[in-house]
Amino acid sequence: MPIAPIKLKIVQTGEPVLRERAKPLTLEQLQSSEVQNLIDLMRETMRDAPGVGLAAPQIGAGLQLAVIEDRADLLEKMDPEQLARQDRHPLPFHVIVNPKITLMGEPIEFFEGCLSVRGFMAVVPRAQRVRVECWNERGEPQVIEAAGWYARILQHEIDHLDGTLYLDRMYTRSFMTEDYYRHAYSR
Ligand code: ZN
């Protein structure tokens, strides 16, 4: 009896799909068992990584779809002072489809990484607040108003749907290995 795969391969920078603009989904495509199954696999792949967001191009699918989750049980193990600085709070699992983003507020700077640029970090300026109009996984229209780390996650994931990586926005001289970052900047 075949065993269903529980996670997908996350493609790394260099793969053309990461540099292409993803295609919008129709309601019919979104509601198909194929795409609903893909969402389940993306959730498991993100949790396994682990990451707080995963966009469809990162698993090789050029679709305007991303999953997001910032788990309370993982945040509890992190430095509370750093979480406060980042304005980072738990986020339940949710899906964004065909998003349109509006950036608001002054840019703020933090280190970030990407599951498709494995092993590295850099300082990336991002808008402090965003407004996102999208569909959820059922195709219901949503408006998300976000600030702080959630706003950063949304900007990072929606960039993926435009073929943009944080490498395009980072301060290049802050680029470093994740190992060095952990050694020097966090505890
Ligand atoms: Zn990424």
# chains A, B, ... in the order shown; residues from 1 in each chain; ligands from 1
call {"tool": "residues_around", "arguments": {"residues": "A:Lys9", "least_positions_apart": "6", "cutoff": "12 Å", "atoms": "only C-alpha atoms", "output": "NGL selection string"}}
result
:A and (41-42 or 44-46 or 48-49 or 54 or 56-61 or 115-116)
call {"tool": "residues_around", "arguments": {"residues": "stretch 97-102 of chain A", "least_positions_apart": "5", "cutoff": "8 Å", "atoms": "only C-alpha atoms", "output": "ChimeraX atom specification"}}
result
/A:24-25,64-66,130-137,139,155,158
call {"tool": "residues_near_ligand", "arguments": {"ligand": "ligand 1", "cutoff": "10 Å", "atoms": "only C-alpha atoms and all ligand atoms", "output": "PDB file with N, CA and C atoms, in the first residue's frame"}}
result
ATOM      1  N   GLN A  12      15.484  25.583  -3.847  1.00  0.00           N
ATOM      2  CA  GLN A  12      16.470  26.562  -3.389  1.00  0.00           C
ATOM      3  C   GLN A  12      16.754  27.595  -4.471  1.00  0.00           C
ATOM      4  N   THR A  13      17.265  28.747  -4.026  1.00  0.00           N
ATOM      5  CA  THR A  13      17.523  29.856  -4.943  1.00  0.00           C
ATOM      6  C   THR A  13      18.392  29.389  -6.111  1.00  0.00           C
ATOM      7  N   LEU A  18      11.317  30.279  -8.641  1.00  0.00           N
ATOM      8  CA  LEU A  18      11.400  31.281  -7.567  1.00  0.00           C
ATOM      9  C   LEU A  18      11.500  32.701  -8.114  1.00  0.00           C
ATOM     10  N   GLY A  51       9.109  26.565   9.509  1.00  0.00           N
ATOM     11  CA  GLY A  51       9.062  27.953   9.051  1.00  0.00           C
ATOM     12  C   GLY A  51       7.744  28.576   9.461  1.00  0.00           C
ATOM     13  N   VAL A  52       7.639  29.899   9.281  1.00  0.00           N
ATOM     14  CA  VAL A  52       6.410  30.618   9.634  1.00  0.00           C
ATOM     15  C   VAL A  52       5.606  30.976   8.390  1.00  0.00           C
ATOM     16  N   GLY A  53       6.142  30.644   7.222  1.00  0.00           N
ATOM     17  CA  GLY A  53       5.424  30.884   5.984  1.00  0.00           C
ATOM     18  C   GLY A  53       6.025  30.045   4.883  1.00  0.00           C
ATOM     19  N   LEU A  54       5.200  29.700   3.899  1.00  0.00           N
ATOM     20  CA  LEU A  54       5.690  28.955   2.738  1.00  0.00           C
ATOM     21  C   LEU A  54       4.814  29.330   1.551  1.00  0.00           C
ATOM     22  N   ALA A  55       5.449  29.781   0.478  1.00  0.00           N
ATOM     23  CA  ALA A  55       4.723  30.181  -0.726  1.00  0.00           C
ATOM     24  C   ALA A  55       4.814  29.057  -1.755  1.00  0.00           C
ATOM     25  N   PRO A  57       5.509  28.839  -4.916  1.00  0.00           N
ATOM     26  CA  PRO A  57       6.705  28.685  -5.755  1.00  0.00           C
ATOM     27  C   PRO A  57       7.852  27.953  -5.038  1.00  0.00           C
ATOM     28  N   GLN A  58       7.861  28.016  -3.709  1.00  0.00           N
ATOM     29  CA  GLN A  58       8.945  27.356  -2.956  1.00  0.00           C
ATOM     30  C   GLN A  58       8.854  25.830  -3.009  1.00  0.00           C
ATOM     31  N   GLU A 112      16.208  38.550   8.634  1.00  0.00           N
ATOM     32  CA  GLU A 112      15.281  37.490   8.264  1.00  0.00           C
ATOM     33  C   GLU A 112      15.996  36.455   7.402  1.00  0.00           C
ATOM     34  N   GLY A 113      15.375  35.304   7.298  1.00  0.00           N
ATOM     35  CA  GLY A 113      15.909  34.232   6.469  1.00  0.00           C
ATOM     36  C   GLY A 113      14.810  33.698   5.576  1.00  0.00           C
ATOM     37  N   CYS A 114      15.137  32.674   4.796  1.00  0.00           N
ATOM     38  CA  CYS A 114      14.170  32.111   3.847  1.00  0.00           C
ATOM     39  C   CYS A 114      14.477  30.634   3.672  1.00  0.00           C
ATOM     40  N   LEU A 115      13.429  29.813   3.658  1.00  0.00           N
ATOM     41  CA  LEU A 115      13.618  28.363   3.500  1.00  0.00           C
ATOM     42  C   LEU A 115      14.195  28.012   2.126  1.00  0.00           C
ATOM     43  N   SER A 116      14.143  28.965   1.176  1.00  0.00           N
ATOM     44  CA  SER A 116      14.709  28.734  -0.156  1.00  0.00           C
ATOM     45  C   SER A 116      16.101  29.350  -0.327  1.00  0.00           C
ATOM     46  N   VAL A 117      16.616  29.938   0.754  1.00  0.00           N
ATOM     47  CA  VAL A 117      18.002  30.436   0.781  1.00  0.00           C
ATOM     48  C   VAL A 117      18.585  29.844   2.065  1.00  0.00           C
ATOM     49  N   ARG A 118      18.648  28.538   2.089  1.00  0.00           N
ATOM     50  CA  ARG A 118      18.895  27.806   3.332  1.00  0.00           C
ATOM     51  C   ARG A 118      20.267  28.144   3.917  1.00  0.00           C
ATOM     52  N   ILE A 153       6.154  38.915   7.631  1.00  0.00           N
ATOM     53  CA  ILE A 153       5.884  37.604   7.023  1.00  0.00           C
ATOM     54  C   ILE A 153       5.056  37.777   5.745  1.00  0.00           C
ATOM     55  N   GLN A 155       4.822  40.384   3.775  1.00  0.00           N
ATOM     56  CA  GLN A 155       5.621  40.992   2.704  1.00  0.00           C
ATOM     57  C   GLN A 155       6.571  39.967   2.092  1.00  0.00           C
ATOM     58  N   HIS A 156       7.189  39.137   2.951  1.00  0.00           N
ATOM     59  CA  HIS A 156       8.134  38.118   2.471  1.00  0.00           C
ATOM     60  C   HIS A 156       7.416  37.097   1.577  1.00  0.00           C
ATOM     61  N   GLU A 157       6.267  36.605   2.038  1.00  0.00           N
ATOM     62  CA  GLU A 157       5.563  35.560   1.278  1.00  0.00           C
ATOM     63  C   GLU A 157       4.974  36.122  -0.025  1.00  0.00           C
ATOM     64  N   ILE A 158       4.434  37.328   0.036  1.00  0.00           N
ATOM     65  CA  ILE A 158       3.836  37.908  -1.169  1.00  0.00           C
ATOM     66  C   ILE A 158       4.936  38.272  -2.164  1.00  0.00           C
ATOM     67  N   ASP A 159       6.112  38.661  -1.679  1.00  0.00           N
ATOM     68  CA  ASP A 159       7.265  38.829  -2.571  1.00  0.00           C
ATOM     69  C   ASP A 159       7.527  37.546  -3.365  1.00  0.00           C
ATOM     70  N   HIS A 160       7.456  36.384  -2.685  1.00  0.00           N
ATOM     71  CA  HIS A 160       7.688  35.111  -3.389  1.00  0.00           C
ATOM     72  C   HIS A 160       6.747  34.961  -4.579  1.00  0.00           C
ATOM     73  N   THR A 164      10.214  37.596  -6.196  1.00  0.00           N
ATOM     74  CA  THR A 164      11.201  38.386  -5.458  1.00  0.00           C
ATOM     75  C   THR A 164      11.660  37.613  -4.228  1.00  0.00           C
ATOM     76  N   LEU A 165      12.957  37.660  -3.951  1.00  0.00           N
ATOM     77  CA  LEU A 165      13.517  37.056  -2.735  1.00  0.00           C
ATOM     78  C   LEU A 165      14.066  38.162  -1.842  1.00  0.00           C
ATOM     79  N   TYR A 166      14.256  37.857  -0.552  1.00  0.00           N
ATOM     80  CA  TYR A 166      14.774  38.897   0.340  1.00  0.00           C
ATOM     81  C   TYR A 166      16.148  39.374  -0.102  1.00  0.00           C
ATOM     82  N   LEU A 167      16.844  38.531  -0.859  1.00  0.00           N
ATOM     83  CA  LEU A 167      18.154  38.909  -1.404  1.00  0.00           C
ATOM     84  C   LEU A 167      18.080  40.209  -2.204  1.00  0.00           C
TER      85      LEU A 167
END
call {"tool": "closest_residue", "arguments": {"among": "A:Leu161, A:Ala151, A:Leu30, A:Met121", "to": "A:Arg173", "atoms": "only C-alpha atoms"}}
result
A:Met121
call {"tool": "atom_distance", "arguments": {"atom1": "atom CA of A:Arg71", "atom2": "atom CA of A:Phe93"}}
result
8.3 Å
call {"tool": "residues_around", "arguments": {"residues": "A:Pro125", "least_positions_apart": "2", "cutoff": "8 Å", "atoms": "only C-alpha atoms", "output": "PyMOL selection string"}}
result
chain A and resi 107-110+123+127+169-170
call {"tool": "write_last_selection", "arguments": {"atoms": "C-alpha atoms", "output": "compact mmCIF listing (two decimals), in the first residue's frame"}}
result
# COMPACT_ATOMS: atom_id res chain seq x y z
CA PRO A 107 10.38 50.75 7.00
CA ILE A 108 11.89 48.87 9.94
CA GLU A 109 14.96 46.65 9.88
CA PHE A 110 15.39 43.11 11.18
CA VAL A 123 18.94 42.56 7.51
CA ALA A 127 7.14 48.32 5.99
CA ARG A 169 15.85 43.84 -0.64
CA MET A 170 18.55 43.05 1.94
call {"tool": "select_by_dssp", "arguments": {"residues": "stretch 3-82 of chain A", "states": "alpha helix (DSSP H)", "output": "short mmCIF file (atom, residue, chain, number, x, y, z; two decimals) with C-alpha atoms, in the first residue's frame"}}
result
data_model
loop_
_atom_site.label_atom_id
_atom_site.label_comp_id
_atom_site.auth_asym_id
_atom_site.auth_seq_id
_atom_site.Cartn_x
_atom_site.Cartn_y
_atom_site.Cartn_z
CA LEU A 27 -12.15 29.72 -7.58
CA GLU A 28 -12.60 26.36 -9.31
CA GLN A 29 -8.88 25.62 -9.16
CA LEU A 30 -8.70 26.65 -5.51
CA GLN A 31 -11.62 24.46 -4.54
CA SER A 33 -9.14 18.45 -4.40
CA GLU A 34 -5.74 18.82 -6.08
CA VAL A 35 -5.15 22.33 -4.69
CA GLN A 36 -6.76 21.53 -1.32
CA ASN A 37 -4.39 18.58 -1.02
CA LEU A 38 -1.48 20.83 -1.98
CA ILE A 39 -2.44 23.23 0.85
CA ASP A 40 -2.38 20.32 3.35
CA LEU A 41 1.06 19.26 2.09
CA MET A 42 2.36 22.84 2.25
CA ARG A 43 1.17 23.10 5.88
CA GLU A 44 3.04 19.90 6.81
CA THR A 45 6.12 20.98 4.84
CA MET A 46 6.17 24.39 6.59
CA ARG A 47 5.80 22.77 10.04
CA ASP A 48 8.51 20.25 9.29
CA ALA A 72 2.75 29.67 20.20
CA ASP A 73 4.54 26.52 21.40
CA LEU A 74 7.65 27.47 19.38
CA LEU A 75 7.54 31.17 20.35
CA PRO A 80 10.87 37.19 24.99
CA GLU A 81 12.86 40.42 24.62
CA GLN A 82 13.62 39.67 20.99
#
call {"tool": "select_by_dssp", "arguments": {"residues": "stretch 12-99 of chain A", "states": "strand (DSSP E)", "output": "count of residues only"}}
result
18
call {"tool": "closest_residue", "arguments": {"among": "A:Trp149, A:Tyr181, A:Arg129, A:Ile6", "to": "A:Arg85", "atoms": "only C-alpha atoms"}}
result
A:Trp149
call {"tool": "atom_distance", "arguments": {"atom1": "atom CA of A:Arg88", "atom2": "atom CA of A:His183"}}
result
21.3 Å
call {"tool": "atom_distance", "arguments": {"atom1": "atom CA of A:Ala84", "atom2": "atom CA of A:Arg126"}}
result
16.9 Å
call {"tool": "decode", "arguments": {"residues": "stretch 68-170 of chain A", "atoms": "C-alpha atoms", "output": "short mmCIF file (atom, residue, chain, number, x, y, z; two decimals), in the first residue's frame"}}
result
data_model
loop_
_atom_site.label_atom_id
_atom_site.label_comp_id
_atom_site.auth_asym_id
_atom_site.auth_seq_id
_atom_site.Cartn_x
_atom_site.Cartn_y
_atom_site.Cartn_z
CA ILE A 68 1.36 31.14 7.23
CA GLU A 69 1.56 30.02 10.86
CA ASP A 70 3.59 31.26 13.84
CA ARG A 71 3.11 28.66 16.55
CA ALA A 72 2.75 29.67 20.20
CA ASP A 73 4.54 26.52 21.40
CA LEU A 74 7.65 27.47 19.38
CA LEU A 75 7.54 31.17 20.35
CA GLU A 76 7.52 30.14 24.04
CA LYS A 77 11.03 28.73 23.55
CA MET A 78 12.38 31.99 22.11
CA ASP A 79 13.84 35.08 23.79
CA PRO A 80 10.87 37.19 24.99
CA GLU A 81 12.86 40.42 24.62
CA GLN A 82 13.62 39.67 20.99
CA LEU A 83 9.98 38.74 20.34
CA ALA A 84 8.90 42.05 21.90
CA ARG A 85 11.36 44.01 19.74
CA GLN A 86 10.07 42.20 16.66
CA ASP A 87 6.44 42.76 17.70
CA ARG A 88 6.00 39.02 17.09
CA HIS A 89 2.95 37.13 18.31
CA PRO A 90 1.41 33.71 17.63
CA LEU A 91 -0.54 33.36 14.38
CA PRO A 92 -2.98 30.53 13.69
CA PHE A 93 -2.54 28.55 10.49
CA HIS A 94 -4.09 30.36 7.53
CA VAL A 95 -3.87 30.54 3.75
CA ILE A 96 -3.61 33.58 1.48
CA VAL A 97 -4.62 33.32 -2.18
CA ASN A 98 -4.25 35.95 -4.95
CA PRO A 99 -3.10 38.66 -2.49
CA LYS A 100 -2.87 42.40 -3.18
CA ILE A 101 -0.66 44.18 -0.66
CA THR A 102 -0.49 47.82 0.40
CA LEU A 103 2.56 48.89 2.40
CA MET A 104 2.10 51.40 5.24
CA GLY A 105 4.27 53.02 7.89
CA GLU A 106 7.99 53.55 8.03
CA PRO A 107 10.38 50.75 7.00
CA ILE A 108 11.89 48.87 9.94
CA GLU A 109 14.96 46.65 9.88
CA PHE A 110 15.39 43.11 11.18
CA PHE A 111 17.30 40.00 10.24
CA GLU A 112 15.28 37.49 8.26
CA GLY A 113 15.91 34.23 6.47
CA CYS A 114 14.17 32.11 3.85
CA LEU A 115 13.62 28.36 3.50
CA SER A 116 14.71 28.73 -0.16
CA VAL A 117 18.00 30.44 0.78
CA ARG A 118 18.89 27.81 3.33
CA GLY A 119 21.53 28.60 5.93
CA PHE A 120 21.74 32.38 5.56
CA MET A 121 20.30 35.55 7.11
CA ALA A 122 20.40 39.27 6.34
CA VAL A 123 18.94 42.56 7.51
CA VAL A 124 15.91 43.48 5.41
CA PRO A 125 13.96 46.73 5.68
CA ARG A 126 10.19 46.12 5.56
CA ALA A 127 7.14 48.32 5.99
CA GLN A 128 5.93 48.34 9.59
CA ARG A 129 2.29 47.80 8.59
CA VAL A 130 0.44 46.30 5.64
CA ARG A 131 -3.06 45.79 4.34
CA VAL A 132 -3.65 42.63 2.31
CA GLU A 133 -6.72 41.81 0.27
CA CYS A 134 -6.89 38.12 -0.64
CA TRP A 135 -8.96 34.95 -0.51
CA ASN A 136 -8.75 32.33 2.19
CA GLU A 137 -8.46 28.60 1.38
CA ARG A 138 -12.18 28.44 0.60
CA GLY A 139 -12.07 31.41 -1.76
CA GLU A 140 -13.76 33.78 0.68
CA PRO A 141 -12.54 37.39 0.40
CA GLN A 142 -10.41 38.54 3.35
CA VAL A 143 -8.84 41.84 4.40
CA ILE A 144 -5.81 41.43 6.66
CA GLU A 145 -4.47 44.45 8.55
CA ALA A 146 -1.12 43.49 10.04
CA ALA A 147 1.76 45.13 11.87
CA GLY A 148 5.15 44.06 13.20
CA TRP A 149 6.41 40.54 12.46
CA TYR A 150 3.13 39.46 10.85
CA ALA A 151 3.45 42.36 8.40
CA ARG A 152 7.01 41.20 7.64
CA ILE A 153 5.88 37.60 7.02
CA LEU A 154 3.16 38.80 4.65
CA GLN A 155 5.62 40.99 2.70
CA HIS A 156 8.13 38.12 2.47
CA GLU A 157 5.56 35.56 1.28
CA ILE A 158 3.84 37.91 -1.17
CA ASP A 159 7.27 38.83 -2.57
CA HIS A 160 7.69 35.11 -3.39
CA LEU A 161 4.52 35.29 -5.51
CA ASP A 162 6.14 38.12 -7.50
CA GLY A 163 9.40 36.23 -8.03
CA THR A 164 11.20 38.39 -5.46
CA LEU A 165 13.52 37.06 -2.74
CA TYR A 166 14.77 38.90 0.34
CA LEU A 167 18.15 38.91 -1.40
CA ASP A 168 16.74 41.66 -3.64
CA ARG A 169 15.85 43.84 -0.64
CA MET A 170 18.55 43.05 1.94
#
